[in-house]
file start-v6.txt (compact mmCIF, C-alpha atoms)
# COMPACT_ATOMS: atom_id res chain seq x y z
CA PRO A 1 96.61 118.64 97.84
CA ASP A 2 96.63 116.52 94.72
CA GLN A 3 96.11 112.95 95.92
CA ILE A 4 94.37 109.63 95.37
CA VAL A 5 91.09 109.29 97.28
CA PHE A 6 89.07 106.11 97.74
CA PHE A 7 85.31 105.52 97.85
CA ASN A 8 83.18 102.53 98.76
CA LEU A 9 81.00 101.08 96.01
CA LYS A 10 77.55 99.73 96.86
CA HIS A 11 77.79 97.31 93.94
CA GLN A 12 80.84 95.96 92.13
CA LYS A 13 81.37 97.36 88.64
CA ASP A 14 83.23 96.18 85.58
CA PRO A 15 85.75 98.97 84.83
CA ALA A 16 85.50 98.24 81.11
CA ARG A 17 81.77 98.99 81.14
CA VAL A 18 81.61 102.20 83.17
CA ALA A 19 82.99 105.74 83.02
CA LEU A 20 83.61 108.28 85.77
CA VAL A 21 82.39 111.81 85.08
CA ASP A 22 83.14 114.88 87.20
CA GLY A 23 80.83 117.77 88.05
CA SER A 24 81.56 119.53 84.74
CA GLY A 25 80.70 116.45 82.70
CA GLN A 26 84.30 115.60 81.85
CA GLU A 27 85.41 111.98 81.93
CA THR A 28 88.22 111.41 84.43
CA PRO A 29 90.60 108.48 85.11
CA PHE A 30 89.60 106.03 87.84
CA GLN A 31 90.58 102.63 89.11
CA ILE A 32 88.72 99.90 90.96
CA VAL A 33 91.34 98.35 93.20
CA SER A 34 91.55 94.78 94.44
CA ASN A 35 89.62 95.43 97.68
CA GLY A 36 86.69 96.79 95.68
CA LEU A 37 87.23 100.50 96.41
CA LEU A 38 86.97 103.16 93.72
CA ALA A 39 90.17 105.24 93.39
CA VAL A 40 90.04 108.79 92.02
CA ARG A 41 92.77 111.41 91.71
CA ALA A 42 91.61 114.77 93.04
CA ARG A 43 92.89 118.18 94.12
CA LEU A 44 90.75 119.61 96.92
CA ALA A 45 91.09 122.97 98.64
CA PRO A 46 90.06 123.27 102.32
CA ASN A 47 86.27 122.85 102.67
CA GLU A 48 85.91 122.31 98.92
CA LYS A 49 83.43 119.76 97.65
CA ARG A 50 83.70 117.71 94.48
CA LYS A 51 81.26 115.33 92.85
CA TRP A 52 81.80 112.40 90.51
CA THR A 53 79.28 110.14 88.85
CA LEU A 54 79.92 106.55 87.80
CA CYS A 55 77.79 105.85 84.76
CA SER A 56 77.35 103.26 82.04
CA SER A 57 79.61 103.84 79.07
CA ARG A 58 80.91 102.11 75.97
CA VAL A 59 84.23 103.97 76.10
CA GLN A 60 87.00 101.48 75.33
CA SER A 61 89.81 103.36 77.09
CA GLN A 62 90.08 105.84 79.92
CA PRO A 63 91.56 109.33 79.69
CA SER A 64 95.35 109.27 79.80
CA SER A 65 97.30 109.14 83.06
CA ASP A 66 100.90 110.04 83.88
CA LEU A 67 101.47 106.61 85.46
CA GLY A 68 103.29 104.17 83.20
CA LEU A 69 104.72 100.66 83.28
CA THR A 70 107.29 99.38 80.81
CA GLU A 71 109.27 96.15 80.63
CA THR A 72 112.86 95.37 79.69
CA GLY A 73 114.87 92.18 79.69
CA SER A 74 115.73 92.21 83.40
CA PHE A 75 113.38 94.66 85.14
CA PHE A 76 110.04 96.48 85.15
CA GLU A 77 110.06 100.29 85.11
CA ILE A 78 107.26 102.23 86.83
CA THR A 79 107.16 106.01 86.31
CA ASN A 80 104.95 109.03 86.70
CA ARG A 81 105.61 112.65 85.72
CA PHE A 82 107.84 113.15 88.75
CA ILE A 83 109.85 110.03 89.56
CA GLY A 84 110.40 106.38 88.71
CA ILE A 85 111.51 103.04 90.07
CA ARG A 86 112.81 99.82 88.53
CA ILE A 87 111.96 96.47 90.09
CA PRO A 88 113.52 93.16 89.08
CA LYS A 89 112.16 90.29 87.07
CA VAL A 90 112.79 86.82 88.44
CA PRO A 91 116.08 85.60 86.91
CA VAL A 92 116.73 82.02 85.87
CA ASN A 93 119.66 81.85 88.31
CA LEU A 94 119.19 83.30 91.81
CA LYS A 95 122.93 83.38 92.49
CA PRO A 96 123.11 86.32 93.04
CA THR A 97 119.51 87.34 93.83
CA PRO A 98 118.38 90.81 92.64
CA SER A 99 117.06 93.12 95.36
CA PRO A 100 113.66 94.91 95.15
CA ILE A 101 115.15 98.16 93.78
CA GLN A 102 117.10 98.17 90.52
CA GLY A 103 116.92 101.91 89.90
CA LEU A 104 115.42 105.17 91.16
CA LYS A 105 114.59 108.19 89.03
CA HIS A 106 115.05 111.72 90.39
CA ARG A 107 112.66 114.53 89.49
CA ASP A 108 115.25 115.93 87.05
CA GLY A 109 115.17 112.67 85.07
CA THR A 110 118.47 111.28 86.39
CA TRP A 111 118.50 107.55 87.17
CA THR A 112 120.44 106.43 90.24
CA ALA A 113 120.85 103.20 92.23
CA THR A 114 120.99 101.27 88.96
CA GLY A 115 123.36 98.66 90.40
CA PRO A 116 122.76 95.91 89.62
CA ASN A 117 121.69 95.53 93.26
CA TYR A 118 121.57 92.20 95.09
CA MET A 119 120.33 90.67 98.33
CA GLU A 120 123.07 89.94 100.88
CA ARG A 121 122.70 86.19 100.17
CA PRO A 122 121.02 84.11 97.45
CA ALA A 123 117.37 83.20 97.93
CA LEU A 124 115.86 79.75 97.54
CA GLY A 125 112.96 81.23 95.60
CA MET A 126 111.65 84.55 94.33
CA LYS A 127 108.40 85.81 92.79
CA VAL A 128 106.91 89.11 91.61
CA GLU A 129 103.17 89.69 92.00
CA TRP A 130 101.12 92.59 90.63
CA LEU A 131 98.59 93.54 93.32
CA GLU A 132 97.35 96.63 91.48
CA ARG A 133 98.04 97.58 87.89
CA GLY A 134 95.97 100.54 86.75
CA PRO A 135 96.07 104.19 85.65
CA LEU A 136 96.11 105.65 89.19
CA LEU A 137 98.23 103.25 91.22
CA ILE A 138 100.57 100.36 90.58
CA ARG A 139 101.50 98.04 93.43
CA ALA A 140 103.96 95.17 93.14
CA LYS A 141 105.03 92.63 95.76
CA ILE A 142 108.44 90.95 95.52
CA THR A 143 108.75 87.89 97.76
CA TYR A 144 111.92 85.96 98.59
CA ARG A 145 112.18 82.57 100.29
CA TYR A 146 115.14 81.78 102.56
CA THR A 147 116.33 79.26 105.09
CA ARG A 148 116.55 80.65 108.61
CA SER A 149 118.03 79.65 111.92
CA GLU A 150 116.06 79.53 115.14
CA LEU A 151 114.67 82.92 116.14
CA ARG A 152 114.04 84.06 119.70
CA GLY A 153 113.56 87.44 121.35
CA ALA A 154 115.78 88.65 124.16
CA PHE A 155 112.88 88.98 126.62
CA GLU A 156 110.29 86.65 125.05
CA LYS A 157 109.64 83.00 125.73
CA GLU A 158 108.33 82.28 122.24
CA VAL A 159 110.80 80.56 119.94
CA ILE A 160 110.41 80.39 116.16
CA PRO A 161 111.97 77.13 115.01
CA ALA A 162 114.57 76.94 112.25
CA GLY A 163 113.28 76.27 108.74
CA GLU A 164 112.20 78.37 105.79
CA GLY A 165 110.74 81.85 105.86
CA ASN A 166 109.83 84.75 103.58
CA TYR A 167 110.92 88.32 103.12
CA ALA A 168 108.55 90.51 101.09
CA CYS A 169 108.76 94.09 99.86
CA THR A 170 105.60 95.75 98.52
CA ILE A 171 106.19 98.81 96.33
CA GLU A 172 103.49 101.28 95.34
CA MET A 173 103.56 104.26 92.99
CA GLN A 174 100.60 106.58 92.50
CA SER A 175 99.67 108.96 89.73
CA GLY A 176 100.78 112.54 90.40
CA GLN A 177 102.76 111.75 93.56
CA SER A 178 106.47 112.49 94.06
CA SER A 179 107.12 109.59 96.44
CA VAL A 180 107.22 105.80 96.35
CA LEU A 181 105.59 103.77 99.13
CA PHE A 182 107.34 100.73 100.61
CA GLN A 183 106.05 98.07 102.97
CA GLU A 184 108.23 95.23 104.25
CA TYR A 185 107.43 91.90 105.89
CA SER A 186 110.07 89.47 107.09
CA GLU A 187 110.34 86.10 108.79
CA VAL A 188 114.11 85.96 108.27
CA GLU A 189 117.19 88.07 108.91
CA ILE A 190 118.15 89.56 105.56
CA ALA A 191 119.53 92.86 104.26
CA TRP A 192 120.03 94.72 101.00
CA GLY A 193 121.00 98.22 99.98
CA VAL A 194 121.37 100.65 97.07
CA ASN A 195 123.78 103.45 96.24
CA VAL A 196 122.02 106.75 95.46
CA ASP A 197 125.14 108.93 95.09
CA HIS A 198 124.66 109.52 91.36
CA GLY A 199 122.50 112.57 90.74
CA LEU A 200 122.38 113.51 94.42
CA THR A 201 124.18 116.61 95.70
CA PRO A 202 123.30 116.81 99.41
CA ASP A 203 124.11 119.95 101.38
CA ARG A 204 122.56 118.89 104.70
CA ALA A 205 122.61 115.83 106.95
CA GLN A 206 120.44 114.84 109.88
CA TYR A 207 121.09 112.30 112.60
CA ARG A 208 118.64 111.11 115.23
CA GLY A 209 119.75 108.40 117.61
CA HIS A 210 120.07 107.36 121.23
CA HIS A 211 122.76 109.94 122.02
CA SER A 212 121.73 112.70 119.61
CA THR A 213 121.27 116.29 120.82
CA SER A 214 119.79 119.49 119.41
CA ILE A 215 123.27 120.77 118.51

call {"tool": "encode", "arguments": {"input": "start-v6.txt", "output": "structure tokens"}}
result
Amino acid sequence: PDQIVFFNLKHQKDPARVALVDGSGQETPFQIVSNGLLAVRARLAPNEKRKWTLCSSRVQSQPSSDLGLTETGSFFEITNRFIGIRIPKVPVNLKPTPSPIQGLKHRDGTWTATGPNYMERPALGMKVEWLERGPLLIRAKITYRYTRSELRGAFEKEVIPAGEGNYACTIEMQSGQSSVLFQEYSEVEIAWGVNVDHGLTPDRAQYRGHHSTSI
């Protein structure tokens, strides 16, 4: 499948001073991510082998990629050749507070879930961080700060005292992939949602729960 693969580097490299060349001698897009790994987009058949060489180069820009990032007045738009997502900028007034998703793009180009979409209650603080911002993957982390009441589990002795806590949503889009990756972390009880009716014409539904059956 066509996917992003990662390699360890023996020595750290300055991306502006190196080029990645494949087995045929063609320069190919790459990205050195924040943990020091080298990211390459590749399509490999079963048992197929590919070779790339990282070499010194004076090339000022890499070959083009389908991954793009644009900016408007209220949100950032991340797209590739398949899909897209809009994430919010931090507004001056957090009442109401924008949720992590401000739009989703279907493969046919239709935008849905454009809201505006908000958290269920205003946050005390909000920030957007760019963890990765390159030609092969873009990863953004949106963090919200809230007050919280005392938290305790039904069968656990540990009690988390009342105070302030964070909710964070990390969103990642990769070059050439038709899905968006989400990772959530929360120290508070908070909810948000989006409406994806526009552009969606479902003809099948699936339910899996405590009392579900095969019928």

call {"tool": "closest_residue", "arguments": {"input": "start-v6.txt", "among": "A:Val188, A:Met126, A:Leu137, A:Ala39", "to": "Ala162 (chain A)", "atoms": "all atoms listed in the file"}}
result
A:Val188

call {"tool": "closest_residue", "arguments": {"input": "start-v6.txt", "among": "A:Asp108, A:Glu132, A:Asp203, A:Asp197", "to": "Leu37 (chain A)", "atoms": "all atoms listed in the file"}}
result
A:Glu132

call {"tool": "atom_distance", "arguments": {"input": "start-v6.txt", "atom1": "CA of His11 (chain A)", "atom2": "CA of Lys49 (chain A)"}}
result
23.4 Å

call {"tool": "atom_distance", "arguments": {"input": "start-v6.txt", "atom1": "CA of Asn117 (chain A)", "atom2": "CA of Ile138 (chain A)"}}
result
21.8 Å

call {"tool": "residues_near_point", "arguments": {"input": "start-v6.txt", "point": "(109.0, 99.7, 87.6)", "cutoff": "9 Å", "atoms": "only C-alpha atoms", "output": "PyMOL selection string"}}
result
chain A and resi 68-71+75-79+84-88+101-103+138+140+173

call {"tool": "write_last_selection", "arguments": {"input": "start-v6.txt", "atoms": "C-alpha atoms", "output": "mmCIF file, in the frame of the given file"}}
result
data_model
loop_
_atom_site.group_PDB
_atom_site.id
_atom_site.type_symbol
_atom_site.label_atom_id
_atom_site.label_comp_id
_atom_site.auth_asym_id
_atom_site.auth_seq_id
_atom_site.Cartn_x
_atom_site.Cartn_y
_atom_site.Cartn_z
ATOM 1 C CA GLY A 68 103.290 104.170 83.200
ATOM 2 C CA LEU A 69 104.720 100.660 83.280
ATOM 3 C CA THR A 70 107.290 99.380 80.810
ATOM 4 C CA GLU A 71 109.270 96.150 80.630
ATOM 5 C CA PHE A 75 113.380 94.660 85.140
ATOM 6 C CA PHE A 76 110.040 96.480 85.150
ATOM 7 C CA GLU A 77 110.060 100.290 85.110
ATOM 8 C CA ILE A 78 107.260 102.230 86.830
ATOM 9 C CA THR A 79 107.160 106.010 86.310
ATOM 10 C CA GLY A 84 110.400 106.380 88.710
ATOM 11 C CA ILE A 85 111.510 103.040 90.070
ATOM 12 C CA ARG A 86 112.810 99.820 88.530
ATOM 13 C CA ILE A 87 111.960 96.470 90.090
ATOM 14 C CA PRO A 88 113.520 93.160 89.080
ATOM 15 C CA ILE A 101 115.150 98.160 93.780
ATOM 16 C CA GLN A 102 117.100 98.170 90.520
ATOM 17 C CA GLY A 103 116.920 101.910 89.900
ATOM 18 C CA ILE A 138 100.570 100.360 90.580
ATOM 19 C CA ALA A 140 103.960 95.170 93.140
ATOM 20 C CA MET A 173 103.560 104.260 92.990
#

call {"tool": "closest_residue", "arguments": {"input": "start-v6.txt", "among": "A:Leu181, A:Leu9, A:Ala191, A:Val128", "to": "Asn35 (chain A)", "atoms": "only C-alpha atoms"}}
result
A:Leu9

call {"tool": "residues_around", "arguments": {"input": "start-v6.txt", "residues": "Lys51 (chain A)", "least_positions_apart": "6", "cutoff": "12 Å", "atoms": "only C-alpha atoms", "output": "list of chain:residue names"}}
result
A:Phe7, A:Leu20, A:Val21, A:Asp22, A:Gly23, A:Ser24, A:Gly25, A:Gln26, A:Thr28, A:Val40, A:Ala42, A:Leu44

call {"tool": "axis_aligned_box", "arguments": {"input": "start-v6.txt", "around": "region 11-30 of chain A", "padding_each_side": "5 Å", "output": "JSON"}}
result
{"center_x": 84.2, "center_y": 107.7, "center_z": 87.5, "size_x": 22.8, "size_y": 33.6, "size_z": 22.8}

call {"tool": "atom_distance", "arguments": {"input": "start-v6.txt", "atom1": "CA of Ala16 (chain A)", "atom2": "CA of Ser64 (chain A)"}}
result
14.8 Å

call {"tool": "residues_around", "arguments": {"input": "start-v6.txt", "residues": "region 150-155 of chain A", "least_positions_apart": "3", "cutoff": "10 Å", "atoms": "only C-alpha atoms", "output": "list in words"}}
result
Glu158, Val159, Ile160, Pro161, Ala162, Gly163, Glu187, Val188 and Glu189 of chain A

call {"tool": "closest_residue", "arguments": {"input": "start-v6.txt", "among": "A:Lys95, A:Lys89, A:His106, A:Lys13", "to": "Ile142 (chain A)", "atoms": "all atoms listed in the file"}}
result
A:Lys89

call {"tool": "residues_around", "arguments": {"input": "start-v6.txt", "residues": "Leu94 (chain A)", "least_positions_apart": "2", "cutoff": "9 Å", "atoms": "only C-alpha atoms", "output": "NGL selection string"}}
result
:A and (90-92 or 96-98 or 122-126)

call {"tool": "closest_residue", "arguments": {"input": "start-v6.txt", "among": "A:Asn47, A:Gln206, A:Gln174, A:Thr114", "to": "Ser74 (chain A)", "atoms": "all atoms listed in the file"}}
result
A:Thr114

call {"tool": "closest_residue", "arguments": {"input": "start-v6.txt", "among": "A:Cys55, A:Asp2, A:Met119, A:Arg41", "to": "Asp14 (chain A)", "atoms": "all atoms listed in the file"}}
result
A:Cys55
